[in-house]
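Q: Below you'll find the structure I mean.
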Amino acid sequence: MERVALYLQDSHDLRDGLDYVKYAEEKGFEAVWQAESRLVRDAIVPMAAYAAVTERIKVGSGVINNWTRNIGLLAATFLTLDDLAPNRVICGIGAWWDPLATNVGIRRSKPAKAMRETVEVLRRLLNMERVTYDGEFHQVSGIELDVVHGRREPRNIPIMIGATGDLMMELTGEIADGAVLNYCVPPEYNDRAMDLLSKGMKKSGRKMEDFDRPQLIVCSVDHDHQTAIDHSKMLLCQYMAQQPHIAKASGVSDEVVFEIQSILGWPATKEQILKAKNLVPDELVYKITASGTPDEARIKVDEYRKRGCTCPILYPVGGNFKLLIDTFAQG
C-alpha cells in the first residue's frame, strides 16, 4: 500500500467535493487537503464539511497563511476541527505570497521569524497550555483554549509548513512536524529541499525518516493525452503570473512570465486563461506536473516519491476527478 492524498481547490462545485472526498476514502486515500490561495475559497469551511461526511480520511489545510488569523482564533479553529474529527486534522500553514498579501493590506516582513513565532505559540495552545508570549509578531498574555465542555487533553494536530524558499525550508526541518512540499516544481527540486530540511533537522536532533514530507503535485489525468496536458496549461499560466515564487522555483523564464502577465488580468477571466495557456510549453507541463494518461501520470508521480516525497497530494486540475482517484486507488 502506497500513501496518497487528494488536493482540492475551487475547480469544482463544493458539494461535488464532498462526493470526491468520500470516494477517495473508499479508494484508500490517506488524506484530503483543501487549498487556500487566491481570494476564492477559504480552507476551513470545506475541511469541516469533509470531516463531517467521512470517518477515516485525514483532513488538512494546504495551506492557510500565518498573517490573517489571530493566533488565538487560529488555535481555536483547529481545536474545533479536531472536535469534529478527532486525530484526523492536519494544520498546514505557509508564509503566503505577494502581490496578494500587499493588495489586501498585509505587509509581510521577516517571514521566517513570523512563522517560528506562529508555530511555537500555536503548538503550545493546542497542547492546552496557558501561554504568555512577547514576540515581535505575537503578543499574548495568559491565554489558553477555554474548553469548559469537551476534551481538555492536548490535541494531536500535526503542524506542517508549506515551504518553498531556502530559509523557510530549513526552518521547517527545525520546528515543524513535517513539510508540505510545493507543486509546480520538477522532481529534482526536491534534492535541495531534502538537504535544507536535513540541515534544519540537525538543529532539533531529528532524522529524515521521522519527518513527513507530503508533496502537492498537479495531476491531470485523461484517457486522451492532449486533453490532460491542456487542463494543466490552464492552471500553470495562472500560477506563473500570480505567484512569482512558484515560477522561480519552477525555473520558468522571466520572458514567459511577463508575456503571460500581459494577457491575464487579476482576477483572470476564462477567456484570458484560454489565450494565455497557449504560451505554456508542453515541455514545462511534462517537467513540473504529472499530466497525461493514467500510466503517464503514475510514472511521473513515482519520480517525486523517489526524490523524497512521502505522500503525493494529487491536485486534479480539471476533467474527470474520479478517474484520477481510480488511477491511484489503493487496495
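Order determines the names: the first chain of the C-alpha cells is A, the second B, and so forth; residues in each chain are numbered 1 upward, and ligands are numbered 1 upward as they are shown.
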Residues of segment 215-315 of chain A classed as strand (DSSP E) by DSSP on the backbone are to be reported as a VMD selection string.
A: chain A and resid 215 to 221 290 to 292 311 to 315
Q: For Lys113 of chain A, list every protein, DNA or RNA residue within 9 Å, evaluated using only C-alpha atoms, and leave out those in the same chain fewer than 5 positions away; present the list as a count of residues only.
A: 3
Q: Excluding segment 131-134 of chain A and residues on its chain fewer than 6 positions from it, collect all residues at most 9 Å away from it, counting only C-alpha atoms, and give them as an MDAnalysis selection string.
A: chainID A and resid 121 124:125 140:144
Q: Taking 3 positions as the minimum chain separation for residues in the same chain, which residues sit within 12 Å of Glu303 of chain A when counting only C-alpha atoms? Answer as a list in words.
A: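 That gives Val185, Pro186, Pro187, Glu188, Tyr189, Asn190, Asp191, Gln215, Ile217, Tyr286, Lys287, Ile288, Thr289, Ala290, Glu296, Ala297, Arg298, Ile299, Lys300, Lys306, Arg307, Gly308, Cys309, Thr310 and Pro312 of chain A.
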Q: Given only C-alpha atoms as the basis, pick out the residue of A:Asp254, A:Glu174, A:Glu129, A:Asp83 nearest to Met115 of chain A.
A: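 Of A:Asp254, A:Glu174, A:Glu129, A:Asp83, the one nearest Met115 of chain A, counting only C-alpha atoms, is A:Glu174.
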Q: Give the alpha helix (DSSP H) residues of segment 109-331 of chain A, as DSSP finds them on the backbone, and put them as a JSON list (two decimals) with N, CA and C atoms, in the first residue's frame.
A:
```json
[["chain", "number", "residue", "atom", "x", "y", "z"],
["A", 111, "PRO", "N", 9.59, 36.81, 7.28],
["A", 111, "PRO", "CA", 8.65, 35.68, 7.24],
["A", 111, "PRO", "C", 9.09, 34.47, 8.06],
["A", 112, "ALA", "N", 10.38, 34.21, 8.11],
["A", 112, "ALA", "CA", 10.84, 33.05, 8.89],
["A", 112, "ALA", "C", 10.61, 33.27, 10.38],
["A", 113, "LYS", "N", 10.90, 34.47, 10.86],
["A", 113, "LYS", "CA", 10.69, 34.74, 12.28],
["A", 113, "LYS", "C", 9.21, 34.72, 12.63],
["A", 114, "ALA", "N", 8.40, 35.29, 11.75],
["A", 114, "ALA", "CA", 6.95, 35.28, 11.98],
["A", 114, "ALA", "C", 6.42, 33.85, 12.04],
["A", 115, "MET", "N", 6.93, 32.99, 11.16],
["A", 115, "MET", "CA", 6.48, 31.60, 11.15],
["A", 115, "MET", "C", 6.94, 30.88, 12.41],
["A", 116, "ARG", "N", 8.16, 31.12, 12.83],
["A", 116, "ARG", "CA", 8.67, 30.48, 14.05],
["A", 116, "ARG", "C", 7.78, 30.82, 15.25],
["A", 117, "GLU", "N", 7.41, 32.09, 15.38],
["A", 117, "GLU", "CA", 6.57, 32.50, 16.50],
["A", 117, "GLU", "C", 5.18, 31.87, 16.39],
["A", 118, "THR", "N", 4.62, 31.84, 15.18],
["A", 118, "THR", "CA", 3.30, 31.26, 14.99],
["A", 118, "THR", "C", 3.27, 29.80, 15.41],
["A", 119, "VAL", "N", 4.24, 29.04, 14.93],
["A", 119, "VAL", "CA", 4.27, 27.61, 15.24],
["A", 119, "VAL", "C", 4.47, 27.38, 16.73],
["A", 120, "GLU", "N", 5.34, 28.17, 17.36],
["A", 120, "GLU", "CA", 5.61, 27.98, 18.79],
["A", 120, "GLU", "C", 4.36, 28.24, 19.63],
["A", 121, "VAL", "N", 3.69, 29.35, 19.36],
["A", 121, "VAL", "CA", 2.52, 29.69, 20.17],
["A", 121, "VAL", "C", 1.36, 28.75, 19.86],
["A", 122, "LEU", "N", 1.15, 28.45, 18.59],
["A", 122, "LEU", "CA", 0.05, 27.56, 18.21],
["A", 122, "LEU", "C", 0.22, 26.19, 18.84],
["A", 123, "ARG", "N", 1.43, 25.67, 18.79],
["A", 123, "ARG", "CA", 1.67, 24.34, 19.36],
["A", 123, "ARG", "C", 1.40, 24.33, 20.86],
["A", 124, "ARG", "N", 1.81, 25.35, 21.55],
["A", 124, "ARG", "CA", 1.60, 25.40, 23.00],
["A", 124, "ARG", "C", 0.11, 25.51, 23.33],
["A", 125, "LEU", "N", -0.62, 26.29, 22.54],
["A", 125, "LEU", "CA", -2.05, 26.40, 22.78],
["A", 125, "LEU", "C", -2.78, 25.07, 22.54],
["A", 126, "LEU", "N", -2.40, 24.38, 21.46],
["A", 126, "LEU", "CA", -3.03, 23.10, 21.16],
["A", 126, "LEU", "C", -2.60, 22.02, 22.15],
["A", 166, "ASP", "N", 14.55, 28.72, 0.46],
["A", 166, "ASP", "CA", 15.59, 28.03, 1.22],
["A", 166, "ASP", "C", 15.47, 28.25, 2.72],
["A", 167, "LEU", "N", 15.32, 29.50, 3.14],
["A", 167, "LEU", "CA", 15.28, 29.81, 4.56],
["A", 167, "LEU", "C", 14.09, 29.16, 5.24],
["A", 168, "MET", "N", 12.93, 29.23, 4.59],
["A", 168, "MET", "CA", 11.73, 28.62, 5.17],
["A", 168, "MET", "C", 11.84, 27.11, 5.18],
["A", 169, "MET", "N", 12.48, 26.54, 4.17],
["A", 169, "MET", "CA", 12.64, 25.09, 4.13],
["A", 169, "MET", "C", 13.51, 24.60, 5.29],
["A", 170, "GLU", "N", 14.61, 25.30, 5.54],
["A", 170, "GLU", "CA", 15.47, 24.91, 6.65],
["A", 170, "GLU", "C", 14.75, 25.06, 7.98],
["A", 171, "LEU", "N", 14.01, 26.16, 8.15],
["A", 171, "LEU", "CA", 13.24, 26.37, 9.37],
["A", 171, "LEU", "C", 12.21, 25.26, 9.56],
["A", 172, "THR", "N", 11.59, 24.83, 8.48],
["A", 172, "THR", "CA", 10.61, 23.76, 8.55],
["A", 172, "THR", "C", 11.23, 22.49, 9.12],
["A", 173, "GLY", "N", 12.42, 22.15, 8.66],
["A", 173, "GLY", "CA", 13.10, 20.99, 9.19],
["A", 173, "GLY", "C", 13.40, 21.10, 10.67],
["A", 174, "GLU", "N", 13.59, 22.34, 11.13],
["A", 174, "GLU", "CA", 13.92, 22.57, 12.54],
["A", 174, "GLU", "C", 12.70, 22.51, 13.45],
["A", 175, "ILE", "N", 11.57, 23.11, 13.05],
["A", 175, "ILE", "CA", 10.49, 23.34, 14.01],
["A", 175, "ILE", "C", 9.18, 22.63, 13.70],
["A", 189, "TYR", "N", 13.85, 19.41, -7.92],
["A", 189, "TYR", "CA", 13.77, 20.48, -6.91],
["A", 189, "TYR", "C", 13.86, 19.88, -5.51],
["A", 190, "ASN", "N", 13.34, 18.67, -5.35],
["A", 190, "ASN", "CA", 13.32, 18.03, -4.03],
["A", 190, "ASN", "C", 14.71, 17.73, -3.49],
["A", 191, "ASP", "N", 15.70, 17.59, -4.37],
["A", 191, "ASP", "CA", 17.05, 17.26, -3.89],
["A", 191, "ASP", "C", 17.56, 18.34, -2.95],
["A", 192, "ARG", "N", 17.43, 19.58, -3.37],
["A", 192, "ARG", "CA", 17.87, 20.68, -2.50],
["A", 192, "ARG", "C", 16.96, 20.81, -1.29],
["A", 193, "ALA", "N", 15.66, 20.58, -1.48],
["A", 193, "ALA", "CA", 14.74, 20.65, -0.35],
["A", 193, "ALA", "C", 15.13, 19.65, 0.73],
["A", 194, "MET", "N", 15.50, 18.43, 0.33],
["A", 194, "MET", "CA", 15.90, 17.42, 1.32],
["A", 194, "MET", "C", 17.15, 17.85, 2.07],
["A", 195, "ASP", "N", 18.10, 18.47, 1.35],
["A", 195, "ASP", "CA", 19.32, 18.95, 2.00],
["A", 195, "ASP", "C", 19.00, 20.03, 3.04],
["A", 196, "LEU", "N", 18.11, 20.94, 2.67],
["A", 196, "LEU", "CA", 17.76, 22.04, 3.58],
["A", 196, "LEU", "C", 16.96, 21.52, 4.78],
["A", 197, "LEU", "N", 16.05, 20.60, 4.54],
["A", 197, "LEU", "CA", 15.30, 20.01, 5.65],
["A", 197, "LEU", "C", 16.25, 19.29, 6.60],
["A", 198, "SER", "N", 17.20, 18.56, 6.05],
["A", 198, "SER", "CA", 18.17, 17.84, 6.89],
["A", 198, "SER", "C", 18.98, 18.80, 7.74],
["A", 199, "LYS", "N", 19.37, 19.92, 7.15],
["A", 199, "LYS", "CA", 20.12, 20.93, 7.88],
["A", 199, "LYS", "C", 19.32, 21.46, 9.06],
["A", 200, "GLY", "N", 18.01, 21.69, 8.84],
["A", 200, "GLY", "CA", 17.15, 22.17, 9.91],
["A", 200, "GLY", "C", 16.92, 21.10, 10.97],
["A", 201, "MET", "N", 16.76, 19.87, 10.53],
["A", 201, "MET", "CA", 16.50, 18.78, 11.48],
["A", 201, "MET", "C", 17.68, 18.54, 12.42],
["A", 202, "LYS", "N", 18.88, 18.76, 11.93],
["A", 202, "LYS", "CA", 20.06, 18.60, 12.79],
["A", 202, "LYS", "C", 20.00, 19.53, 14.00],
["A", 203, "LYS", "N", 19.40, 20.71, 13.80],
["A", 203, "LYS", "CA", 19.30, 21.68, 14.90],
["A", 203, "LYS", "C", 18.36, 21.19, 16.00],
["A", 225, "HIS", "N", -4.31, 11.97, -24.07],
["A", 225, "HIS", "CA", -3.09, 12.63, -23.58],
["A", 225, "HIS", "C", -3.18, 14.15, -23.68],
["A", 226, "GLN", "N", -3.55, 14.68, -24.85],
["A", 226, "GLN", "CA", -3.51, 16.12, -25.04],
["A", 226, "GLN", "C", -4.56, 16.85, -24.21],
["A", 227, "THR", "N", -5.70, 16.23, -24.00],
["A", 227, "THR", "CA", -6.72, 16.84, -23.14],
["A", 227, "THR", "C", -6.17, 17.07, -21.74],
["A", 228, "ALA", "N", -5.45, 16.08, -21.22],
["A", 228, "ALA", "CA", -4.85, 16.21, -19.89],
["A", 228, "ALA", "C", -3.82, 17.33, -19.86],
["A", 229, "ILE", "N", -3.01, 17.42, -20.91],
["A", 229, "ILE", "CA", -1.98, 18.47, -20.98],
["A", 229, "ILE", "C", -2.63, 19.85, -20.99],
["A", 230, "ASP", "N", -3.70, 20.01, -21.77],
["A", 230, "ASP", "CA", -4.37, 21.31, -21.87],
["A", 230, "ASP", "C", -4.98, 21.74, -20.55],
["A", 231, "HIS", "N", -5.53, 20.81, -19.78],
["A", 231, "HIS", "CA", -6.07, 21.15, -18.47],
["A", 231, "HIS", "C", -4.96, 21.73, -17.57],
["A", 232, "SER", "N", -3.79, 21.12, -17.60],
["A", 232, "SER", "CA", -2.68, 21.60, -16.77],
["A", 232, "SER", "C", -2.21, 22.98, -17.22],
["A", 233, "LYS", "N", -2.20, 23.22, -18.52],
["A", 233, "LYS", "CA", -1.76, 24.53, -19.02],
["A", 233, "LYS", "C", -2.64, 25.65, -18.49],
["A", 234, "MET", "N", -3.93, 25.38, -18.36],
["A", 234, "MET", "CA", -4.85, 26.41, -17.86],
["A", 234, "MET", "C", -4.53, 26.80, -16.43],
["A", 235, "LEU", "N", -4.10, 25.83, -15.64],
["A", 235, "LEU", "CA", -3.69, 26.14, -14.27],
["A", 235, "LEU", "C", -2.34, 26.82, -14.24],
["A", 236, "LEU", "N", -1.38, 26.28, -14.99],
["A", 236, "LEU", "CA", 0.00, 26.78, -14.90],
["A", 236, "LEU", "C", 0.11, 28.24, -15.31],
["A", 237, "CYS", "N", -0.63, 28.66, -16.33],
["A", 237, "CYS", "CA", -0.49, 30.05, -16.75],
["A", 237, "CYS", "C", -0.92, 31.00, -15.64],
["A", 238, "GLN", "N", -1.92, 30.63, -14.84],
["A", 238, "GLN", "CA", -2.33, 31.48, -13.72],
["A", 238, "GLN", "C", -1.24, 31.54, -12.64],
["A", 239, "TYR", "N", -0.68, 30.40, -12.31],
["A", 239, "TYR", "CA", 0.32, 30.37, -11.25],
["A", 239, "TYR", "C", 1.62, 31.06, -11.66],
["A", 240, "MET", "N", 1.98, 30.95, -12.92],
["A", 240, "MET", "CA", 3.18, 31.64, -13.38],
["A", 240, "MET", "C", 3.02, 33.16, -13.24],
["A", 241, "ALA", "N", 1.81, 33.64, -13.51],
["A", 241, "ALA", "CA", 1.55, 35.07, -13.48],
["A", 241, "ALA", "C", 1.37, 35.61, -12.07],
["A", 242, "GLN", "N", 0.70, 34.85, -11.21],
["A", 242, "GLN", "CA", 0.26, 35.39, -9.93],
["A", 242, "GLN", "C", 1.19, 35.04, -8.77],
["A", 244, "PRO", "N", 4.96, 34.55, -8.19],
["A", 244, "PRO", "CA", 6.34, 34.59, -8.71],
["A", 244, "PRO", "C", 7.27, 33.59, -8.02],
["A", 245, "HIS", "N", 7.03, 33.28, -6.74],
["A", 245, "HIS", "CA", 7.93, 32.36, -6.05],
["A", 245, "HIS", "C", 7.83, 30.95, -6.63],
["A", 246, "ILE", "N", 6.64, 30.59, -7.11],
["A", 246, "ILE", "CA", 6.48, 29.28, -7.74],
["A", 246, "ILE", "C", 7.12, 29.28, -9.12],
["A", 247, "ALA", "N", 6.95, 30.38, -9.87],
["A", 247, "ALA", "CA", 7.60, 30.48, -11.18],
["A", 247, "ALA", "C", 9.11, 30.36, -11.05],
["A", 248, "LYS", "N", 9.68, 31.02, -10.05],
["A", 248, "LYS", "CA", 11.12, 30.96, -9.82],
["A", 248, "LYS", "C", 11.56, 29.54, -9.49],
["A", 249, "ALA", "N", 10.84, 28.88, -8.59],
["A", 249, "ALA", "CA", 11.20, 27.52, -8.20],
["A", 249, "ALA", "C", 11.03, 26.55, -9.37],
["A", 250, "SER", "N", 10.15, 26.88, -10.31],
["A", 250, "SER", "CA", 9.92, 26.00, -11.46],
["A", 250, "SER", "C", 10.96, 26.19, -12.54],
["A", 254, "ASP", "N", 11.79, 34.63, -17.14],
["A", 254, "ASP", "CA", 11.09, 35.89, -16.90],
["A", 254, "ASP", "C", 10.30, 36.32, -18.13],
["A", 255, "GLU", "N", 10.82, 35.99, -19.31],
["A", 255, "GLU", "CA", 10.16, 36.41, -20.55],
["A", 255, "GLU", "C", 8.78, 35.74, -20.69],
["A", 256, "VAL", "N", 8.74, 34.44, -20.38],
["A", 256, "VAL", "CA", 7.46, 33.73, -20.47],
["A", 256, "VAL", "C", 6.48, 34.26, -19.44],
["A", 257, "VAL", "N", 6.96, 34.49, -18.21],
["A", 257, "VAL", "CA", 6.09, 35.01, -17.16],
["A", 257, "VAL", "C", 5.54, 36.38, -17.55],
["A", 258, "PHE", "N", 6.40, 37.25, -18.07],
["A", 258, "PHE", "CA", 5.96, 38.60, -18.45],
["A", 258, "PHE", "C", 4.91, 38.54, -19.55],
["A", 259, "GLU", "N", 5.11, 37.66, -20.53],
["A", 259, "GLU", "CA", 4.14, 37.57, -21.62],
["A", 259, "GLU", "C", 2.79, 37.08, -21.12],
["A", 260, "ILE", "N", 2.82, 36.10, -20.24],
["A", 260, "ILE", "CA", 1.56, 35.61, -19.66],
["A", 260, "ILE", "C", 0.88, 36.70, -18.84],
["A", 261, "GLN", "N", 1.66, 37.43, -18.05],
["A", 261, "GLN", "CA", 1.11, 38.52, -17.23],
["A", 261, "GLN", "C", 0.48, 39.61, -18.10],
["A", 262, "SER", "N", 1.01, 39.80, -19.29],
["A", 262, "SER", "CA", 0.47, 40.84, -20.18],
["A", 262, "SER", "C", -0.91, 40.48, -20.71],
["A", 263, "ILE", "N", -1.27, 39.20, -20.63],
["A", 263, "ILE", "CA", -2.58, 38.74, -21.11],
["A", 263, "ILE", "C", -3.58, 38.63, -19.96],
["A", 270, "LYS", "N", -11.90, 33.51, -17.83],
["A", 270, "LYS", "CA", -11.71, 32.24, -18.52],
["A", 270, "LYS", "C", -11.17, 32.47, -19.92],
["A", 271, "GLU", "N", -11.64, 33.54, -20.57],
["A", 271, "GLU", "CA", -11.18, 33.84, -21.92],
["A", 271, "GLU", "C", -9.69, 34.16, -21.93],
["A", 272, "GLN", "N", -9.23, 34.94, -20.94],
["A", 272, "GLN", "CA", -7.81, 35.26, -20.85],
["A", 272, "GLN", "C", -6.97, 34.01, -20.61],
["A", 273, "ILE", "N", -7.48, 33.13, -19.75],
["A", 273, "ILE", "CA", -6.74, 31.90, -19.45],
["A", 273, "ILE", "C", -6.63, 31.03, -20.70],
["A", 274, "LEU", "N", -7.71, 30.92, -21.47],
["A", 274, "LEU", "CA", -7.68, 30.11, -22.69],
["A", 274, "LEU", "C", -6.66, 30.65, -23.68],
["A", 275, "LYS", "N", -6.46, 31.97, -23.68],
["A", 275, "LYS", "CA", -5.47, 32.58, -24.56],
["A", 275, "LYS", "C", -4.05, 32.40, -24.03],
["A", 276, "ALA", "N", -3.88, 32.63, -22.73],
["A", 276, "ALA", "CA", -2.54, 32.59, -22.14],
["A", 276, "ALA", "C", -2.00, 31.17, -22.05],
["A", 282, "ASP", "N", 4.59, 22.64, -23.83],
["A", 282, "ASP", "CA", 4.32, 21.27, -23.40],
["A", 282, "ASP", "C", 5.44, 20.76, -22.50],
["A", 283, "GLU", "N", 6.69, 21.15, -22.82],
["A", 283, "GLU", "CA", 7.84, 20.66, -22.05],
["A", 283, "GLU", "C", 7.75, 21.06, -20.58],
["A", 284, "LEU", "N", 7.19, 22.25, -20.32],
["A", 284, "LEU", "CA", 7.04, 22.70, -18.94],
["A", 284, "LEU", "C", 6.00, 21.84, -18.22],
["A", 285, "VAL", "N", 4.92, 21.51, -18.90],
["A", 285, "VAL", "CA", 3.90, 20.65, -18.31],
["A", 285, "VAL", "C", 4.51, 19.31, -17.92],
["A", 286, "TYR", "N", 5.29, 18.74, -18.83],
["A", 286, "TYR", "CA", 5.93, 17.45, -18.54],
["A", 286, "TYR", "C", 6.91, 17.56, -17.38],
["A", 287, "LYS", "N", 7.55, 18.71, -17.28],
["A", 287, "LYS", "CA", 8.61, 18.90, -16.28],
["A", 287, "LYS", "C", 8.07, 19.05, -14.87],
["A", 288, "ILE", "N", 6.96, 19.79, -14.70],
["A", 288, "ILE", "CA", 6.55, 20.18, -13.35],
["A", 288, "ILE", "C", 5.17, 19.68, -12.94],
["A", 294, "PRO", "N", -3.44, 7.77, -17.57],
["A", 294, "PRO", "CA", -3.20, 7.23, -16.23],
["A", 294, "PRO", "C", -1.80, 6.65, -16.05],
["A", 295, "ASP", "N", -1.29, 5.90, -17.03],
["A", 295, "ASP", "CA", 0.04, 5.33, -16.90],
["A", 295, "ASP", "C", 1.11, 6.41, -16.85],
["A", 296, "GLU", "N", 0.97, 7.45, -17.68],
["A", 296, "GLU", "CA", 1.95, 8.55, -17.69],
["A", 296, "GLU", "C", 1.94, 9.29, -16.35],
["A", 297, "ALA", "N", 0.76, 9.51, -15.79],
["A", 297, "ALA", "CA", 0.67, 10.22, -14.51],
["A", 297, "ALA", "C", 1.32, 9.42, -13.39],
["A", 298, "ARG", "N", 1.07, 8.11, -13.38],
["A", 298, "ARG", "CA", 1.67, 7.27, -12.33],
["A", 298, "ARG", "C", 3.20, 7.29, -12.40],
["A", 299, "ILE", "N", 3.75, 7.23, -13.60],
["A", 299, "ILE", "CA", 5.21, 7.23, -13.76],
["A", 299, "ILE", "C", 5.80, 8.54, -13.22],
["A", 300, "LYS", "N", 5.15, 9.66, -13.52],
["A", 300, "LYS", "CA", 5.67, 10.96, -13.07],
["A", 300, "LYS", "C", 5.57, 11.10, -11.56],
["A", 301, "VAL", "N", 4.47, 10.67, -10.99],
["A", 301, "VAL", "CA", 4.31, 10.75, -9.53],
["A", 301, "VAL", "C", 5.40, 9.94, -8.84],
["A", 302, "ASP", "N", 5.74, 8.81, -9.40],
["A", 302, "ASP", "CA", 6.80, 7.99, -8.80],
["A", 302, "ASP", "C", 8.15, 8.71, -8.78],
["A", 303, "GLU", "N", 8.38, 9.61, -9.74],
["A", 303, "GLU", "CA", 9.62, 10.37, -9.74],
["A", 303, "GLU", "C", 9.72, 11.26, -8.48],
["A", 304, "TYR", "N", 8.60, 11.82, -8.07],
["A", 304, "TYR", "CA", 8.60, 12.64, -6.85],
["A", 304, "TYR", "C", 8.81, 11.76, -5.62],
["A", 305, "ARG", "N", 8.21, 10.58, -5.61],
["A", 305, "ARG", "CA", 8.43, 9.67, -4.48],
["A", 305, "ARG", "C", 9.91, 9.32, -4.34],
["A", 306, "LYS", "N", 10.56, 9.05, -5.47],
["A", 306, "LYS", "CA", 11.96, 8.64, -5.44],
["A", 306, "LYS", "C", 12.88, 9.77, -4.95],
["A", 321, "PHE", "N", -12.39, 13.85, -12.17],
["A", 321, "PHE", "CA", -11.78, 13.70, -10.85],
["A", 321, "PHE", "C", -11.74, 12.24, -10.43],
["A", 322, "LYS", "N", -12.83, 11.51, -10.71],
["A", 322, "LYS", "CA", -12.89, 10.12, -10.26],
["A", 322, "LYS", "C", -11.91, 9.24, -11.02],
["A", 323, "LEU", "N", -11.59, 9.60, -12.26],
["A", 323, "LEU", "CA", -10.57, 8.85, -12.98],
["A", 323, "LEU", "C", -9.22, 9.00, -12.30],
["A", 324, "LEU", "N", -8.91, 10.19, -11.82],
["A", 324, "LEU", "CA", -7.64, 10.37, -11.08],
["A", 324, "LEU", "C", -7.63, 9.52, -9.82],
["A", 325, "ILE", "N", -8.74, 9.54, -9.08],
["A", 325, "ILE", "CA", -8.80, 8.75, -7.85],
["A", 325, "ILE", "C", -8.66, 7.27, -8.17],
["A", 326, "ASP", "N", -9.31, 6.81, -9.22],
["A", 326, "ASP", "CA", -9.20, 5.41, -9.61],
["A", 326, "ASP", "C", -7.77, 5.06, -10.02],
["A", 327, "THR", "N", -7.11, 6.00, -10.69],
["A", 327, "THR", "CA", -5.74, 5.77, -11.17],
["A", 327, "THR", "C", -4.79, 5.48, -10.01]]
```
Q: I'd like the interatomic distance between atom CA of Lys207 of chain A and atom CA of Gly94 of chain A, to a tenth of an Å.
A: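 Between these atoms lies a distance of 22.4 Å.
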